[in-house]
Amino acid sequence: MAKKCDNTSVGVLIYNDRGDTLMNERMKYPFGFAPPAGHLDGDEPEDGAKREIKEEVGLEIDILKLVMHRKLDNLCRREGGDWHDWHVYGALRWHGDVKRSEDETKQVIWLPRSEIGALAERTTAYLLGAISEKEWQERPGLEVVWYEIFKILEII
């Protein structure tokens with residue numbers, strides 16, 4: 001039986017010294033590139049953010065800053081997951097070495113803003129129906145909800 005969605009999600013924007021954003025390519029639906037993120041599953045938002053970062057990319061977060069809190073329509077693979085109350089943080093200080101979750105991510109990469117823009121263009125094409133579901137799964141753009149979050153935060 002699939003987990004029931006708690007309709008609460010958290011994500012964390014992590015930047016390196018060059019200003020590149022840490023992104024992962026999701027292995028499971030919803031497909032696409034996104035910062036580390038996931039359901040809160042009963043955690044407080046900051047605790048959930050730290051847990052997701054550790055699980056997905058192996059880093060320890062020292063200081064977080066809330067950059068967005070908003071309810072957004074977005075589908076997940078859990079029952080009842082057609083919207084989420086999102087808490088998005090920026091990591092102000094973190095440590096450790098990046099190590100991807102082999103259960104959740106195909107790859108973890110640092111992307112400059114220009115490459116995030118190129119992924120956003122691919123997402124636009126997907127949303128307009130110019131890219132099939134099969135093509136999207138083989139070579140996705142930004143995960144759809146992160147496309148929206150990045151627009152809200154004026155990253156794209």
# chains A, B, ... in the order shown; residues from 1 in each chain; ligands from 1
call {"tool": "residues_around", "arguments": {"residues": "Phe33 (chain A)", "least_positions_apart": "2", "cutoff": "6 Å", "atoms": "only C-alpha atoms", "output": "NGL selection string"}}
result
:A and (24-25 or 142-143)
call {"tool": "closest_atom_pairs", "arguments": {"of": "region 25-59 of chain A", "to": "region 84-100 of chain A", "cutoff": "8 Å", "atoms": "only C-alpha atoms", "output": "CSV"}}
result
residue,atom,partner,partner_atom,distance
A:Pro45,CA,A:His87,CA,6.7
A:Ala49,CA,A:Tyr89,CA,7.7
A:Glu56,CA,A:Arg100,CA,5.7
A:Val57,CA,A:Arg100,CA,4.6
A:Gly58,CA,A:Lys99,CA,5.0
A:Leu59,CA,A:Gly96,CA,5.0
call {"tool": "select_by_dssp", "arguments": {"residues": "chain A", "states": "strand (DSSP E or B)", "output": "tab-separated table (two decimals) with all heavy atoms, in the first residue's frame"}}
result
chain	number	residue	atom	x	y	z
A	4	LYS	N	0.32	7.58	2.28
A	4	LYS	CA	-0.61	8.69	2.09
A	4	LYS	C	0.19	9.99	2.16
A	4	LYS	O	1.09	10.13	2.98
A	4	LYS	CB	-1.68	8.67	3.16
A	4	LYS	CG	-2.71	9.76	2.98
A	4	LYS	CD	-4.01	9.37	3.60
A	4	LYS	CE	-5.04	10.47	3.54
A	4	LYS	NZ	-5.35	10.99	2.24
A	8	THR	N	2.74	18.18	2.82
A	8	THR	CA	3.75	19.12	3.28
A	8	THR	C	5.10	18.72	2.69
A	8	THR	O	5.47	17.56	2.75
A	8	THR	CB	3.86	19.15	4.82
A	8	THR	OG1	4.19	17.85	5.30
A	8	THR	CG2	2.56	19.62	5.46
A	9	SER	N	5.79	19.69	2.10
A	9	SER	CA	7.08	19.41	1.48
A	9	SER	C	8.07	20.49	1.84
A	9	SER	O	7.70	21.62	2.17
A	9	SER	CB	6.95	19.32	-0.04
A	9	SER	OG	6.28	18.16	-0.42
A	10	VAL	N	9.33	20.11	1.74
A	10	VAL	CA	10.43	21.02	2.04
A	10	VAL	C	11.50	20.83	0.98
A	10	VAL	O	11.68	19.74	0.44
A	10	VAL	CB	10.97	20.74	3.46
A	10	VAL	CG1	11.59	19.38	3.56
A	10	VAL	CG2	11.95	21.80	3.91
A	11	GLY	N	12.17	21.92	0.65
A	11	GLY	CA	13.29	21.86	-0.28
A	11	GLY	C	14.36	22.83	0.17
A	11	GLY	O	14.07	23.79	0.89
A	12	VAL	N	15.60	22.57	-0.26
A	12	VAL	CA	16.71	23.41	0.17
A	12	VAL	C	17.58	23.79	-1.03
A	12	VAL	O	18.01	22.92	-1.79
A	12	VAL	CB	17.58	22.70	1.23
A	12	VAL	CG1	18.72	23.59	1.67
A	12	VAL	CG2	16.74	22.28	2.43
A	13	LEU	N	17.83	25.08	-1.15
A	13	LEU	CA	18.74	25.60	-2.16
A	13	LEU	C	20.13	25.69	-1.55
A	13	LEU	O	20.31	26.35	-0.51
A	13	LEU	CB	18.28	26.98	-2.63
A	13	LEU	CG	16.89	27.01	-3.27
A	13	LEU	CD1	16.42	28.45	-3.41
A	13	LEU	CD2	16.91	26.31	-4.59
A	15	TYR	N	24.17	26.50	-2.54
A	15	TYR	CA	25.04	27.08	-3.54
A	15	TYR	C	26.50	26.85	-3.16
A	15	TYR	O	26.86	26.89	-1.99
A	15	TYR	CB	24.79	28.59	-3.66
A	15	TYR	CG	23.38	28.93	-4.04
A	15	TYR	CD1	22.45	29.31	-3.07
A	15	TYR	CD2	22.96	28.86	-5.36
A	15	TYR	CE1	21.14	29.62	-3.41
A	15	TYR	CE2	21.65	29.16	-5.71
A	15	TYR	CZ	20.74	29.54	-4.74
A	15	TYR	OH	19.45	29.83	-5.09
A	21	THR	N	24.10	25.92	-8.21
A	21	THR	CA	23.07	25.32	-7.37
A	21	THR	C	23.21	23.80	-7.37
A	21	THR	O	23.35	23.19	-8.43
A	21	THR	CB	21.66	25.69	-7.88
A	21	THR	OG1	21.57	27.11	-8.00
A	21	THR	CG2	20.58	25.18	-6.96
A	22	LEU	N	23.12	23.19	-6.19
A	22	LEU	CA	23.16	21.73	-6.08
A	22	LEU	C	21.80	21.18	-6.51
A	22	LEU	O	20.77	21.54	-5.94
A	22	LEU	CB	23.48	21.30	-4.66
A	22	LEU	CG	23.72	19.80	-4.46
A	22	LEU	CD1	24.94	19.33	-5.24
A	22	LEU	CD2	23.88	19.48	-2.98
A	23	MET	N	21.81	20.33	-7.53
A	23	MET	CA	20.58	19.77	-8.08
A	23	MET	C	20.73	18.26	-8.20
A	23	MET	O	21.84	17.76	-8.40
A	23	MET	CB	20.32	20.34	-9.48
A	23	MET	CG	20.23	21.85	-9.54
A	23	MET	SD	18.66	22.49	-8.98
A	23	MET	CE	17.63	22.11	-10.40
A	24	ASN	N	19.61	17.56	-8.09
A	24	ASN	CA	19.65	16.13	-8.36
A	24	ASN	C	18.63	15.80	-9.42
A	24	ASN	O	17.66	16.52	-9.61
A	24	ASN	CB	19.47	15.30	-7.07
A	24	ASN	CG	18.14	15.48	-6.40
A	24	ASN	OD1	17.10	15.34	-7.01
A	24	ASN	ND2	18.15	15.77	-5.12
A	25	GLU	N	18.92	14.74	-10.15
A	25	GLU	CA	17.96	14.23	-11.12
A	25	GLU	C	17.19	13.12	-10.43
A	25	GLU	O	17.76	12.12	-10.00
A	25	GLU	CB	18.65	13.70	-12.37
A	25	GLU	CG	17.66	13.21	-13.40
A	25	GLU	CD	18.29	12.67	-14.67
A	25	GLU	OE1	19.52	12.67	-14.79
A	25	GLU	OE2	17.52	12.22	-15.55
A	26	ARG	N	15.90	13.32	-10.32
A	26	ARG	CA	15.05	12.38	-9.59
A	26	ARG	C	14.95	11.05	-10.34
A	26	ARG	O	14.79	11.02	-11.55
A	26	ARG	CB	13.65	12.97	-9.40
A	26	ARG	CG	13.66	14.21	-8.50
A	26	ARG	CD	12.28	14.79	-8.33
A	26	ARG	NE	11.31	13.80	-7.92
A	26	ARG	CZ	11.08	13.43	-6.65
A	26	ARG	NH1	11.74	14.00	-5.68
A	26	ARG	NH2	10.18	12.52	-6.37
A	33	PHE	N	14.90	17.55	-12.74
A	33	PHE	CA	16.00	18.04	-11.91
A	33	PHE	C	15.41	18.96	-10.86
A	33	PHE	O	14.54	19.79	-11.16
A	33	PHE	CB	17.02	18.81	-12.75
A	33	PHE	CG	17.89	17.92	-13.57
A	33	PHE	CD1	17.48	17.47	-14.82
A	33	PHE	CD2	19.13	17.51	-13.09
A	33	PHE	CE1	18.29	16.64	-15.59
A	33	PHE	CE2	19.95	16.68	-13.84
A	33	PHE	CZ	19.52	16.24	-15.09
A	34	ALA	N	15.91	18.84	-9.63
A	34	ALA	CA	15.40	19.64	-8.52
A	34	ALA	C	16.44	19.71	-7.42
A	34	ALA	O	17.29	18.83	-7.30
A	34	ALA	CB	14.12	19.01	-7.97
A	37	ALA	N	14.80	17.70	-1.85
A	37	ALA	CA	13.47	18.03	-1.34
A	37	ALA	C	12.73	16.76	-0.97
A	37	ALA	O	13.09	15.68	-1.43
A	37	ALA	CB	12.69	18.82	-2.40
A	38	GLY	N	11.67	16.92	-0.20
A	38	GLY	CA	10.82	15.78	0.12
A	38	GLY	C	9.72	16.14	1.08
A	38	GLY	O	9.58	17.30	1.49
A	39	HIS	N	8.94	15.13	1.45
A	39	HIS	CA	7.83	15.31	2.39
A	39	HIS	C	8.35	15.51	3.81
A	39	HIS	O	9.39	14.96	4.18
A	39	HIS	CB	6.91	14.08	2.36
A	39	HIS	CG	6.12	13.98	1.12
A	39	HIS	ND1	6.58	13.32	-0.01
A	39	HIS	CD2	4.89	14.45	0.80
A	39	HIS	CE1	5.65	13.39	-0.95
A	39	HIS	NE2	4.62	14.08	-0.48
A	60	GLU	N	25.50	17.92	5.72
A	60	GLU	CA	24.97	18.36	7.01
A	60	GLU	C	24.71	19.87	6.89
A	60	GLU	O	25.59	20.62	6.48
A	60	GLU	CB	25.98	18.11	8.13
A	60	GLU	CG	26.33	16.66	8.33
A	60	GLU	CD	25.31	15.88	9.14
A	60	GLU	OE1	24.43	16.51	9.76
A	60	GLU	OE2	25.41	14.65	9.13
A	61	ILE	N	23.52	20.29	7.27
A	61	ILE	CA	23.16	21.70	7.22
A	61	ILE	C	23.35	22.31	8.61
A	61	ILE	O	22.84	21.80	9.60
A	61	ILE	CB	21.70	21.88	6.76
A	61	ILE	CG1	21.48	21.28	5.37
A	61	ILE	CG2	21.30	23.36	6.80
A	61	ILE	CD1	22.28	21.93	4.28
A	62	ASP	N	24.08	23.43	8.64
A	62	ASP	CA	24.30	24.13	9.90
A	62	ASP	C	23.30	25.27	10.11
A	62	ASP	O	22.75	25.42	11.19
A	62	ASP	CB	25.73	24.70	9.94
A	62	ASP	CG	26.78	23.61	9.83
A	62	ASP	OD1	26.64	22.57	10.49
A	62	ASP	OD2	27.75	23.81	9.08
A	63	ILE	N	23.09	26.07	9.06
A	63	ILE	CA	22.19	27.22	9.18
A	63	ILE	C	21.30	27.30	7.94
A	63	ILE	O	21.79	27.23	6.81
A	63	ILE	CB	22.98	28.54	9.32
A	63	ILE	CG1	23.87	28.50	10.56
A	63	ILE	CG2	22.01	29.73	9.40
A	63	ILE	CD1	24.78	29.71	10.69
A	64	LEU	N	19.99	27.43	8.17
A	64	LEU	CA	19.00	27.56	7.09
A	64	LEU	C	18.29	28.91	7.21
A	64	LEU	O	18.14	29.45	8.31
A	64	LEU	CB	17.93	26.47	7.21
A	64	LEU	CG	18.33	25.05	6.91
A	64	LEU	CD1	17.22	24.09	7.33
A	64	LEU	CD2	18.63	24.90	5.44
A	65	LYS	N	17.83	29.41	6.06
A	65	LYS	CA	16.99	30.61	6.05
A	65	LYS	C	15.78	30.33	5.17
A	65	LYS	O	15.92	29.90	4.01
A	65	LYS	CB	17.78	31.79	5.48
A	65	LYS	CG	16.93	33.06	5.39
A	65	LYS	CD	17.70	34.20	4.77
A	65	LYS	CE	16.79	35.41	4.68
A	65	LYS	NZ	17.44	36.53	4.02
A	66	LEU	N	14.59	30.54	5.69
A	66	LEU	CA	13.36	30.35	4.92
A	66	LEU	C	13.29	31.40	3.82
A	66	LEU	O	13.40	32.60	4.09
A	66	LEU	CB	12.14	30.46	5.84
A	66	LEU	CG	10.79	30.16	5.19
A	66	LEU	CD1	10.70	28.69	4.77
A	66	LEU	CD2	9.65	30.50	6.14
A	67	VAL	N	13.15	30.94	2.56
A	67	VAL	CA	13.06	31.87	1.44
A	67	VAL	C	11.68	31.86	0.77
A	67	VAL	O	11.34	32.77	0.03
A	67	VAL	CB	14.17	31.63	0.38
A	67	VAL	CG1	15.54	31.90	0.99
A	67	VAL	CG2	14.10	30.24	-0.21
A	68	MET	N	10.87	30.83	1.07
A	68	MET	CA	9.52	30.77	0.52
A	68	MET	C	8.67	29.81	1.34
A	68	MET	O	9.14	28.74	1.72
A	68	MET	CB	9.54	30.29	-0.94
A	68	MET	CG	8.18	30.39	-1.63
A	68	MET	SD	8.13	29.49	-3.19
A	68	MET	CE	7.50	27.91	-2.62
A	69	HIS	N	7.44	30.21	1.62
A	69	HIS	CA	6.45	29.32	2.22
A	69	HIS	C	5.15	29.58	1.49
A	69	HIS	O	4.61	30.69	1.52
A	69	HIS	CB	6.29	29.61	3.72
A	69	HIS	CG	5.26	28.75	4.37
A	69	HIS	ND1	4.56	29.14	5.47
A	69	HIS	CD2	4.80	27.51	4.06
A	69	HIS	CE1	3.71	28.19	5.83
A	69	HIS	NE2	3.84	27.20	4.97
A	70	ARG	N	4.67	28.54	0.78
A	70	ARG	CA	3.49	28.73	-0.07
A	70	ARG	C	2.86	27.39	-0.39
A	70	ARG	O	3.56	26.40	-0.58
A	70	ARG	CB	3.93	29.43	-1.36
A	70	ARG	CG	2.78	29.84	-2.24
A	70	ARG	CD	3.26	30.55	-3.47
A	70	ARG	NE	3.80	31.86	-3.12
A	70	ARG	CZ	4.04	32.81	-3.99
A	70	ARG	NH1	3.82	32.60	-5.27
A	70	ARG	NH2	4.54	33.97	-3.63
A	71	LYS	N	1.54	27.39	-0.52
A	71	LYS	CA	0.83	26.20	-1.00
A	71	LYS	C	0.85	26.22	-2.52
A	71	LYS	O	0.55	27.24	-3.14
A	71	LYS	CB	-0.60	26.18	-0.48
A	71	LYS	CG	-0.67	25.91	1.00
A	71	LYS	CD	-2.09	25.83	1.50
A	71	LYS	CE	-2.04	25.58	3.01
A	71	LYS	NZ	-3.34	25.63	3.62
A	72	LEU	N	1.22	25.07	-3.10
A	72	LEU	CA	1.30	24.96	-4.56
A	72	LEU	C	0.63	23.68	-5.01
A	72	LEU	O	0.73	22.64	-4.34
A	72	LEU	CB	2.77	24.92	-5.01
A	72	LEU	CG	3.61	26.16	-4.75
A	72	LEU	CD1	5.07	25.88	-5.07
A	72	LEU	CD2	3.10	27.34	-5.56
A	73	ASP	N	-0.02	23.75	-6.16
A	73	ASP	CA	-0.53	22.53	-6.78
A	73	ASP	C	0.66	21.79	-7.35
A	73	ASP	O	1.46	22.36	-8.09
A	73	ASP	CB	-1.50	22.87	-7.92
A	73	ASP	CG	-2.80	23.48	-7.41
A	73	ASP	OD1	-3.15	23.22	-6.25
A	73	ASP	OD2	-3.43	24.23	-8.18
A	79	GLU	N	-0.70	8.79	-2.41
A	79	GLU	CA	-2.15	8.96	-2.45
A	79	GLU	C	-2.53	10.32	-1.85
A	79	GLU	O	-2.07	10.68	-0.77
A	79	GLU	CB	-2.81	7.84	-1.64
A	79	GLU	CG	-4.32	7.93	-1.58
A	79	GLU	CD	-4.92	6.90	-0.63
A	79	GLU	OE1	-4.27	5.89	-0.33
A	79	GLU	OE2	-6.06	7.14	-0.19
A	83	TRP	N	-1.48	18.60	-4.04
A	83	TRP	CA	-1.01	19.93	-3.62
A	83	TRP	C	-0.09	19.74	-2.42
A	83	TRP	O	-0.13	18.71	-1.75
A	83	TRP	CB	-2.17	20.86	-3.25
A	83	TRP	CG	-2.93	20.40	-2.04
A	83	TRP	CD1	-3.97	19.52	-2.00
A	83	TRP	CD2	-2.65	20.76	-0.67
A	83	TRP	NE1	-4.37	19.31	-0.71
A	83	TRP	CE2	-3.58	20.06	0.14
A	83	TRP	CE3	-1.72	21.58	-0.05
A	83	TRP	CZ2	-3.60	20.17	1.52
A	83	TRP	CZ3	-1.75	21.69	1.34
A	83	TRP	CH2	-2.68	21.01	2.11
A	84	HIS	N	0.77	20.75	-2.19
A	84	HIS	CA	1.69	20.69	-1.05
A	84	HIS	C	1.90	22.08	-0.45
A	84	HIS	O	1.92	23.07	-1.18
A	84	HIS	CB	3.05	20.12	-1.48
A	84	HIS	CG	3.00	18.68	-1.83
A	84	HIS	ND1	2.55	18.23	-3.04
A	84	HIS	CD2	3.30	17.58	-1.11
A	84	HIS	CE1	2.59	16.91	-3.06
A	84	HIS	NE2	3.05	16.49	-1.90
A	85	ASP	N	2.03	22.10	0.84
A	85	ASP	CA	2.42	23.30	1.57
A	85	ASP	C	3.95	23.27	1.61
A	85	ASP	O	4.54	22.46	2.32
A	85	ASP	CB	1.83	23.27	2.98
A	85	ASP	CG	2.13	24.52	3.78
A	85	ASP	OD1	2.50	25.55	3.18
A	85	ASP	OD2	2.00	24.47	5.02
A	86	TRP	N	4.59	24.11	0.79
A	86	TRP	CA	6.04	24.09	0.60
A	86	TRP	C	6.77	25.06	1.52
A	86	TRP	O	6.37	26.22	1.64
A	86	TRP	CB	6.39	24.47	-0.84
A	86	TRP	CG	6.32	23.32	-1.78
A	86	TRP	CD1	5.25	22.94	-2.54
A	86	TRP	CD2	7.37	22.41	-2.08
A	86	TRP	NE1	5.58	21.83	-3.28
A	86	TRP	CE2	6.87	21.48	-3.01
A	86	TRP	CE3	8.68	22.28	-1.63
A	86	TRP	CZ2	7.63	20.46	-3.51
A	86	TRP	CZ3	9.44	21.25	-2.13
A	86	TRP	CH2	8.92	20.36	-3.06
A	87	HIS	N	7.82	24.58	2.13
A	87	HIS	CA	8.80	25.41	2.84
A	87	HIS	C	10.11	25.25	2.05
A	87	HIS	O	10.63	24.14	1.96
A	87	HIS	CB	9.03	24.91	4.27
A	87	HIS	CG	7.88	25.16	5.19
A	87	HIS	ND1	6.76	24.36	5.24
A	87	HIS	CD2	7.68	26.14	6.09
A	87	HIS	CE1	5.93	24.83	6.13
A	87	HIS	NE2	6.46	25.91	6.67
A	88	VAL	N	10.61	26.34	1.50
A	88	VAL	CA	11.86	26.31	0.75
A	88	VAL	C	12.87	27.15	1.51
A	88	VAL	O	12.60	28.30	1.87
A	88	VAL	CB	11.68	26.83	-0.69
A	88	VAL	CG1	13.02	26.83	-1.43
A	88	VAL	CG2	10.66	25.98	-1.44
A	89	TYR	N	14.02	26.54	1.75
A	89	TYR	CA	15.09	27.18	2.50
A	89	TYR	C	16.31	27.39	1.63
A	89	TYR	O	16.53	26.67	0.67
A	89	TYR	CB	15.52	26.30	3.69
A	89	TYR	CG	14.49	26.19	4.77
A	89	TYR	CD1	13.54	25.15	4.76
A	89	TYR	CD2	14.45	27.11	5.81
A	89	TYR	CE1	12.59	25.05	5.76
A	89	TYR	CE2	13.50	27.01	6.82
A	89	TYR	CZ	12.58	25.99	6.78
A	89	TYR	OH	11.63	25.90	7.78
A	90	GLY	N	17.11	28.35	2.03
A	90	GLY	CA	18.46	28.49	1.51
A	90	GLY	C	19.41	28.02	2.59
A	90	GLY	O	19.22	28.35	3.77
A	91	ALA	N	20.40	27.23	2.21
A	91	ALA	CA	21.41	26.78	3.18
A	91	ALA	C	22.47	27.87	3.28
A	91	ALA	O	23.16	28.16	2.31
A	91	ALA	CB	22.03	25.47	2.72
A	92	LEU	N	22.57	28.49	4.44
A	92	LEU	CA	23.56	29.54	4.65
A	92	LEU	C	24.92	28.98	5.03
A	92	LEU	O	25.95	29.58	4.74
A	92	LEU	CB	23.09	30.52	5.72
A	92	LEU	CG	21.76	31.22	5.43
A	92	LEU	CD1	21.42	32.19	6.55
A	92	LEU	CD2	21.81	31.94	4.10
A	93	ARG	N	24.90	27.84	5.71
A	93	ARG	CA	26.16	27.17	6.04
A	93	ARG	C	25.91	25.67	6.08
A	93	ARG	O	24.92	25.22	6.65
A	93	ARG	CB	26.70	27.65	7.39
A	93	ARG	CG	28.17	27.22	7.58
A	93	ARG	CD	28.83	27.90	8.75
A	93	ARG	NE	28.23	27.45	10.00
A	93	ARG	CZ	28.04	28.22	11.06
A	93	ARG	NH1	28.40	29.49	11.04
A	93	ARG	NH2	27.50	27.74	12.15
A	94	TRP	N	26.81	24.92	5.45
A	94	TRP	CA	26.70	23.47	5.38
A	94	TRP	C	28.10	22.88	5.33
A	94	TRP	O	29.07	23.59	5.07
A	94	TRP	CB	25.86	23.06	4.16
A	94	TRP	CG	26.31	23.70	2.88
A	94	TRP	CD1	25.92	24.91	2.37
A	94	TRP	CD2	27.26	23.17	1.94
A	94	TRP	NE1	26.57	25.16	1.18
A	94	TRP	CE2	27.40	24.11	0.89
A	94	TRP	CE3	28.00	21.99	1.88
A	94	TRP	CZ2	28.23	23.91	-0.19
A	94	TRP	CZ3	28.84	21.80	0.80
A	94	TRP	CH2	28.94	22.75	-0.22
A	95	HIS	N	28.18	21.57	5.57
A	95	HIS	CA	29.48	20.91	5.49
A	95	HIS	C	29.30	19.46	5.07
A	95	HIS	O	28.19	18.93	5.09
A	95	HIS	CB	30.25	21.01	6.82
A	95	HIS	CG	29.59	20.29	7.95
A	95	HIS	ND1	28.58	20.85	8.70
A	95	HIS	CD2	29.79	19.06	8.45
A	95	HIS	CE1	28.19	19.99	9.62
A	95	HIS	NE2	28.91	18.89	9.49
A	105	THR	N	18.07	9.22	-6.44
A	105	THR	CA	18.59	10.13	-7.46
A	105	THR	C	19.45	9.41	-8.50
A	105	THR	O	20.18	8.48	-8.18
A	105	THR	CB	19.45	11.24	-6.82
A	105	THR	OG1	20.54	10.63	-6.13
A	105	THR	CG2	18.65	12.07	-5.85
A	106	LYS	N	19.32	9.86	-9.75
A	106	LYS	CA	20.18	9.33	-10.83
A	106	LYS	C	21.54	9.99	-10.78
A	106	LYS	O	22.55	9.37	-11.08
A	106	LYS	CB	19.54	9.62	-12.19
A	106	LYS	CG	18.29	8.81	-12.46
A	106	LYS	CD	17.78	9.12	-13.86
A	106	LYS	CE	16.54	8.32	-14.18
A	106	LYS	NZ	16.04	8.63	-15.53
A	107	GLN	N	21.57	11.28	-10.45
A	107	GLN	CA	22.82	12.02	-10.37
A	107	GLN	C	22.61	13.26	-9.51
A	107	GLN	O	21.50	13.74	-9.35
A	107	GLN	CB	23.32	12.42	-11.76
A	107	GLN	CG	22.38	13.35	-12.52
A	107	GLN	CD	22.94	13.80	-13.85
A	107	GLN	OE1	24.11	14.14	-13.96
A	107	GLN	NE2	22.09	13.80	-14.87
A	108	VAL	N	23.71	13.76	-8.97
A	108	VAL	CA	23.72	15.03	-8.24
A	108	VAL	C	24.80	15.88	-8.88
A	108	VAL	O	25.93	15.43	-9.06
A	108	VAL	CB	24.01	14.82	-6.73
A	108	VAL	CG1	24.12	16.16	-6.02
A	108	VAL	CG2	22.95	13.96	-6.08
A	109	ILE	N	24.42	17.10	-9.27
A	109	ILE	CA	25.36	17.97	-9.97
A	109	ILE	C	25.20	19.42	-9.51
A	109	ILE	O	24.13	19.82	-9.03
A	109	ILE	CB	25.17	17.90	-11.51
A	109	ILE	CG1	23.71	18.19	-11.89
A	109	ILE	CG2	25.58	16.56	-12.06
A	109	ILE	CD1	23.44	18.21	-13.38
A	110	TRP	N	26.28	20.18	-9.64
A	110	TRP	CA	26.25	21.62	-9.41
A	110	TRP	C	25.96	22.28	-10.75
A	110	TRP	O	26.70	22.08	-11.71
A	110	TRP	CB	27.59	22.11	-8.87
A	110	TRP	CG	27.91	21.59	-7.50
A	110	TRP	CD1	28.71	20.54	-7.20
A	110	TRP	CD2	27.45	22.12	-6.27
A	110	TRP	NE1	28.77	20.36	-5.83
A	110	TRP	CE2	28.01	21.34	-5.23
A	110	TRP	CE3	26.62	23.19	-5.91
A	110	TRP	CZ2	27.76	21.59	-3.89
A	110	TRP	CZ3	26.37	23.43	-4.57
A	110	TRP	CH2	26.94	22.64	-3.58
A	111	LEU	N	24.89	23.07	-10.82
A	111	LEU	CA	24.52	23.71	-12.08
A	111	LEU	C	24.59	25.23	-11.98
A	111	LEU	O	24.03	25.82	-11.04
A	111	LEU	CB	23.10	23.32	-12.48
A	111	LEU	CG	22.88	21.89	-12.93
A	111	LEU	CD1	21.41	21.66	-13.25
A	111	LEU	CD2	23.73	21.57	-14.15
A	142	LEU	N	13.56	20.78	-15.57
A	142	LEU	CA	13.29	20.98	-14.15
A	142	LEU	C	12.02	20.24	-13.76
A	142	LEU	O	11.07	20.21	-14.53
A	142	LEU	CB	13.07	22.47	-13.84
A	142	LEU	CG	14.26	23.40	-13.97
A	142	LEU	CD1	13.83	24.84	-13.72
A	142	LEU	CD2	15.38	23.00	-13.03
call {"tool": "select_by_dssp", "arguments": {"residues": "region 29-129 of chain A", "states": "alpha helix (DSSP H)", "output": "ChimeraX atom specification"}}
result
/A:45-57,113-127
call {"tool": "residues_around", "arguments": {"residues": "region 151-156 of chain A", "least_positions_apart": "3", "cutoff": "9 Å", "atoms": "only C-alpha atoms", "output": "ChimeraX atom specification"}}
result
/A:67-68,113-114,116-117,120,146-148
call {"tool": "closest_residue", "arguments": {"among": "A:Glu115, A:Gly42, A:Cys5, A:Glu138", "to": "Asp20 (chain A)", "atoms": "only C-alpha atoms"}}
result
A:Glu115
call {"tool": "atom_distance", "arguments": {"atom1": "CA of Tyr29 (chain A)", "atom2": "CA of Arg77 (chain A)"}}
result
6.3 Å
call {"tool": "atom_distance", "arguments": {"atom1": "CA of Leu128 (chain A)", "atom2": "CA of Pro35 (chain A)"}}
result
23.2 Å
call {"tool": "residues_around", "arguments": {"residues": "Glu55 (chain A)", "least_positions_apart": "5", "cutoff": "9 Å", "atoms": "only C-alpha atoms", "output": "PyMOL selection string"}}
result
chain A and resi 36+50+100-101+104
call {"tool": "write_last_selection", "arguments": {"atoms": "N, CA and C atoms", "output": "PDB file, in the first residue's frame"}}
result
ATOM      1  N   PRO A  36      17.512  19.224  -3.506  1.00  0.00           N
ATOM      2  CA  PRO A  36      17.066  18.200  -2.562  1.00  0.00           C
ATOM      3  C   PRO A  36      15.753  18.627  -1.897  1.00  0.00           C
ATOM      4  N   LYS A  50      16.767  19.397   6.957  1.00  0.00           N
ATOM      5  CA  LYS A  50      18.067  18.804   7.293  1.00  0.00           C
ATOM      6  C   LYS A  50      18.080  17.302   7.007  1.00  0.00           C
ATOM      7  N   ARG A 100      25.340  11.089  -3.409  1.00  0.00           N
ATOM      8  CA  ARG A 100      23.942  10.939  -3.830  1.00  0.00           C
ATOM      9  C   ARG A 100      23.275   9.721  -3.213  1.00  0.00           C
ATOM     10  N   SER A 101      21.967   9.823  -3.030  1.00  0.00           N
ATOM     11  CA  SER A 101      21.156   8.687  -2.612  1.00  0.00           C
ATOM     12  C   SER A 101      20.966   7.780  -3.819  1.00  0.00           C
ATOM     13  N   GLU A 104      17.141   7.315  -4.609  1.00  0.00           N
ATOM     14  CA  GLU A 104      16.265   8.412  -5.008  1.00  0.00           C
ATOM     15  C   GLU A 104      16.762   9.242  -6.189  1.00  0.00           C
TER      16      GLU A 104
END
